[in-house]
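Encoded as structure tokens, the structure appears first; notes follow it.
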Amino acid sequence: MSLSHNQFNVIYALHKNPGATQREIADLNGMGLATVNAAYKEALAAGYIEDGCLTDAGAQALAPYAVDNAVIMAAGTSSRFAPISYEQPKGMLKVRGDVLIERQIEQLHEAGITEIAVVTGYKKEAFFYLEEKYGAKIIVNTAYAECNNSVSLLLAAEMLANTYICSSDNYFTENPFESHVWKAYYSAEYSEGETDEWCITTGSHDRITKVEIGGSDAWYMIGHVFFDREFSERFRTILKKEMELPQTKHKLWESIYVEHIKELDMRIKRFDPPIIFEFDSLDELREFDPLFLENLDSEIFDNIEAVLGCNRNDIHDIFPLKQGLTNLSCHFATNDGEFVYRHPGAGTELIVDREGEREALLTAQRLGLDDTFIFENPERGWKISRYIPNCRNLDSSDDAQLKVAMEMARKLHESGTQVSRYFSFYVEGKGYEQKVLERQSIDMPDYWEMSRQAERLSEFIGAEDEQPVLCHNDFFGLNFLVDQEGAISLIDWEYSGMSDYANDFGTFCVCEQLTDEQMMRALEYYFGRTPTPQEVRHNLAMVGMAGWCWYAWALLKEAEGEDVGEWSYIYYRYGKAYLKKALELYEQAR
């Protein structure tokens, strides 16, 4: 026979405090004395209490409510906590002298909960020691980068019983965990005024009936959650079914709960702030722990201090920027201005020549092509640049901006700088092609015809014996920053290398989707005169080679499960058209 909520409160209070008076029980639970008196009498009548203590029957009645275990979610990248999250997962941060996840594990232990699973993913090795130190079970979520926390919970689904679900980066000023819990609940705190948190509406007996993102003067979800056995059984079935759908992997488990809220009995558990802390930004954490940065062991902050000559406490307004394919970047400010810190992505040392990049950056700085560059460490791959507020990208349909871009390309190509890296559209494209074939066949219409055309065209281009020059090799509008005064900087030099001078023109025409007329104007701006027929032919050949090369790259990305969107068609269209056009021009000239 299950206990009512009031009976549970009375029996659990006596479990923790044998001999407690009814007034003491009322104070412990925030209940009215009359309510406690009624529940106490019911427990006496049922034989659960004798002489102010639990009987064996009372202990048996309480047993189904004992917490079995806890699952701590620790797989995410915590991108909003850049740049610290580049070095260590958020749950491993030391706040007010305690490592966040360790503090939470110890609070669970204090409540008698020792069976704990930690679901890891990002920088998973940082958590492995918890197995030996606390006896924690480590679960590895290999899909953490492309999936949301619903996958992490699915990996721990068989553990779900009377289970706490926790986040590794929460900080509780008071221990919120209990050894026994009556019903499934979600923790909540009250927000006065507007909030963008997940706001809760409740019905009878505090059951959660609705959850909406954003609200005003509302209780909102925060902190830990408790699943009872009934909730776990139902939610496990729902979760497994939902996770068979490809769109579900991007969902939070909370979203799945809300979609099935009528089927799932979960209550609200109200906490008076400030008890539960979820730090959404570094500035929030520093407000809670003013000495956090001062005590933080961080190579990134050491780098910033060394290069800019500032103090850690002068660093503020830290937030992540849109992440690229190969790097992580964040904004920060000091008393001397705004800056960008670039942290190399995993594996970039295998694909990026950092020494070559540094040489290119120094050349661009010397030539006035990139006014943002401050410092790069080629051994470690990190870089500090100036941040350009309220900037925009290059508009290639603006003739004046098109002219500046082409003049910048010419200045770079004539710099005389030599680097060790060499970049060829044909070599790179064949490499992408081979990698696709290692995964699957290439059955796309026209691809093999294009590949043969690229091979023939590369022979014509090679016969012209153009000497390689320093090129940007990622030369298109998104890598040009135009400030409020109209000054233009060319950024992102990771793929720079020795190449045919027309490489940059080819990539620019394809990625900016230039028309034939725009291409001819661009060539006039590049040469500062009307180009010769040979120059036109050579540059159009590079448009075709760029289109084919990047089309092969797009096929590889899609073979690896990534969606490149409309770019696949853009690359195909330019490769198809200009490989053919350039070959005709070369054949006519023979």
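Naming works like this for the structure tokens: A, B, ... for the chains as they're shown, residue 1 at the start of each chain, ligands 1 onward in shown order.
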
I'd like the neighbourhood of segment 394-403 of chain A as a PDB file with N, CA and C atoms, in the first residue's frame, where a residue qualifies if any of its atoms comes within 6 Å (using only C-alpha atoms), though same-chain residues fewer than 3 positions away should be ignored.
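And here's out_30.pdb as it stands now:
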```pdb
ATOM      1  N   MET A 406      39.944  42.265 -55.217  1.00  0.00           N
ATOM      2  CA  MET A 406      40.875  41.812 -56.257  1.00  0.00           C
ATOM      3  C   MET A 406      42.243  42.475 -56.099  1.00  0.00           C
ATOM      4  N   GLY A 477      33.740  36.079 -49.615  1.00  0.00           N
ATOM      5  CA  GLY A 477      33.160  37.176 -48.850  1.00  0.00           C
ATOM      6  C   GLY A 477      33.124  37.019 -47.353  1.00  0.00           C
ATOM      7  N   PHE A 480      36.141  38.274 -45.403  1.00  0.00           N
ATOM      8  CA  PHE A 480      36.452  39.702 -45.447  1.00  0.00           C
ATOM      9  C   PHE A 480      35.582  40.412 -44.420  1.00  0.00           C
ATOM     10  N   TYR A 525      39.973  44.310 -62.516  1.00  0.00           N
ATOM     11  CA  TYR A 525      40.437  44.915 -61.265  1.00  0.00           C
ATOM     12  C   TYR A 525      41.723  44.242 -60.781  1.00  0.00           C
TER      13      TYR A 525
END
```

Determine, counting only C-alpha atoms, which protein, DNA and RNA residues have an atom within 9 Å of an atom of segment 450-459 of chain A; residues of the same chain fewer than 6 positions away are not included. Present the result as a CSV table (one decimal) with N, CA and C atoms, in the first residue's frame.
```csv
chain,number,residue,atom,x,y,z
A,425,PHE,N,44.1,22.5,-56.5
A,425,PHE,CA,42.8,22.0,-56.6
A,425,PHE,C,42.7,20.6,-57.0
A,426,TYR,N,43.5,20.2,-58.0
A,426,TYR,CA,43.4,18.9,-58.6
A,426,TYR,C,43.9,17.9,-57.5
A,429,GLY,N,41.2,17.8,-54.7
A,429,GLY,CA,40.0,17.2,-55.2
A,429,GLY,C,40.1,15.7,-55.4
A,430,LYS,N,41.2,15.2,-55.9
A,430,LYS,CA,41.4,13.7,-56.1
A,430,LYS,C,41.5,13.1,-54.7
A,433,GLU,N,38.0,12.8,-53.4
A,433,GLU,CA,37.4,11.7,-54.2
A,433,GLU,C,37.7,10.3,-53.7
A,541,ALA,N,39.6,28.5,-66.0
A,541,ALA,CA,39.9,27.1,-65.7
A,541,ALA,C,40.0,26.9,-64.2
A,544,GLY,N,36.5,26.5,-62.8
A,544,GLY,CA,36.0,25.1,-63.0
A,544,GLY,C,36.7,24.2,-62.0
A,545,MET,N,38.0,24.3,-61.8
A,545,MET,CA,38.7,23.4,-60.9
A,545,MET,C,38.3,23.6,-59.5
A,548,TRP,N,34.8,21.9,-59.1
A,548,TRP,CA,34.9,20.5,-59.0
A,548,TRP,C,35.5,20.0,-57.7
A,549,CYS,N,36.6,20.7,-57.3
A,549,CYS,CA,37.3,20.3,-56.0
A,549,CYS,C,36.4,20.4,-54.8
A,575,GLY,N,31.5,23.9,-61.2
A,575,GLY,CA,32.4,23.0,-61.8
A,575,GLY,C,32.0,22.5,-63.2
A,576,LYS,N,30.7,22.1,-63.3
A,576,LYS,CA,30.2,21.6,-64.5
A,576,LYS,C,30.3,22.6,-65.6
A,579,LEU,N,34.5,23.9,-66.1
A,579,LEU,CA,35.4,22.9,-66.6
A,579,LEU,C,35.2,22.8,-68.1
A,580,LYS,N,34.0,22.7,-68.5
A,580,LYS,CA,33.7,22.6,-70.0
A,580,LYS,C,34.1,23.8,-70.7
A,582,ALA,N,36.4,26.1,-70.0
A,582,ALA,CA,37.8,26.3,-70.1
A,582,ALA,C,38.4,25.3,-71.0
A,583,LEU,N,38.0,24.0,-71.0
A,583,LEU,CA,38.5,23.0,-71.9
A,583,LEU,C,38.3,23.4,-73.3
A,586,TYR,N,40.9,26.0,-74.2
A,586,TYR,CA,42.2,25.4,-74.4
A,586,TYR,C,42.3,24.7,-75.7
```

Go through segment 258-332 of chain A and flag each residue having an atom no more than 8 Å from segment 370-389 of chain A; for those, report the closest pair of atoms plus their distance in Å to one decimal, using only C-alpha atoms, ordered by chain and rising number, as a Markdown table.
```
| residue | atom | partner | partner_atom | distance |
| --- | --- | --- | --- | --- |
| A:Ile304 | CA | A:Ile384 | CA | 7.8 |
| A:Val307 | CA | A:Phe375 | CA | 7.4 |
| A:His331 | CA | A:Tyr387 | CA | 7.4 |
```

For this session: Give me the residues within 12 Å of Glu212 of chain A as a ChimeraX atom specification, counting only C-alpha atoms and dropping any in the same chain fewer than 5 places off.
Result: /A:195-202,218-221,254-255,258-259,261

Problem set entry | Point-to-point distance from atom CA of Asp217 of chain A to atom CA of His205 of chain A, Å rounded to tenths |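 Interatomic distance here is 20.4 Å.
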
Exercise. Could you pull out all residues of segment 101-163 of chain A with a DSSP call of helix (DSSP H, G or I) and give them as number ranges by chain?
Worked result: A: 101-110, 124-127, 129-134, 149-155, 157-159
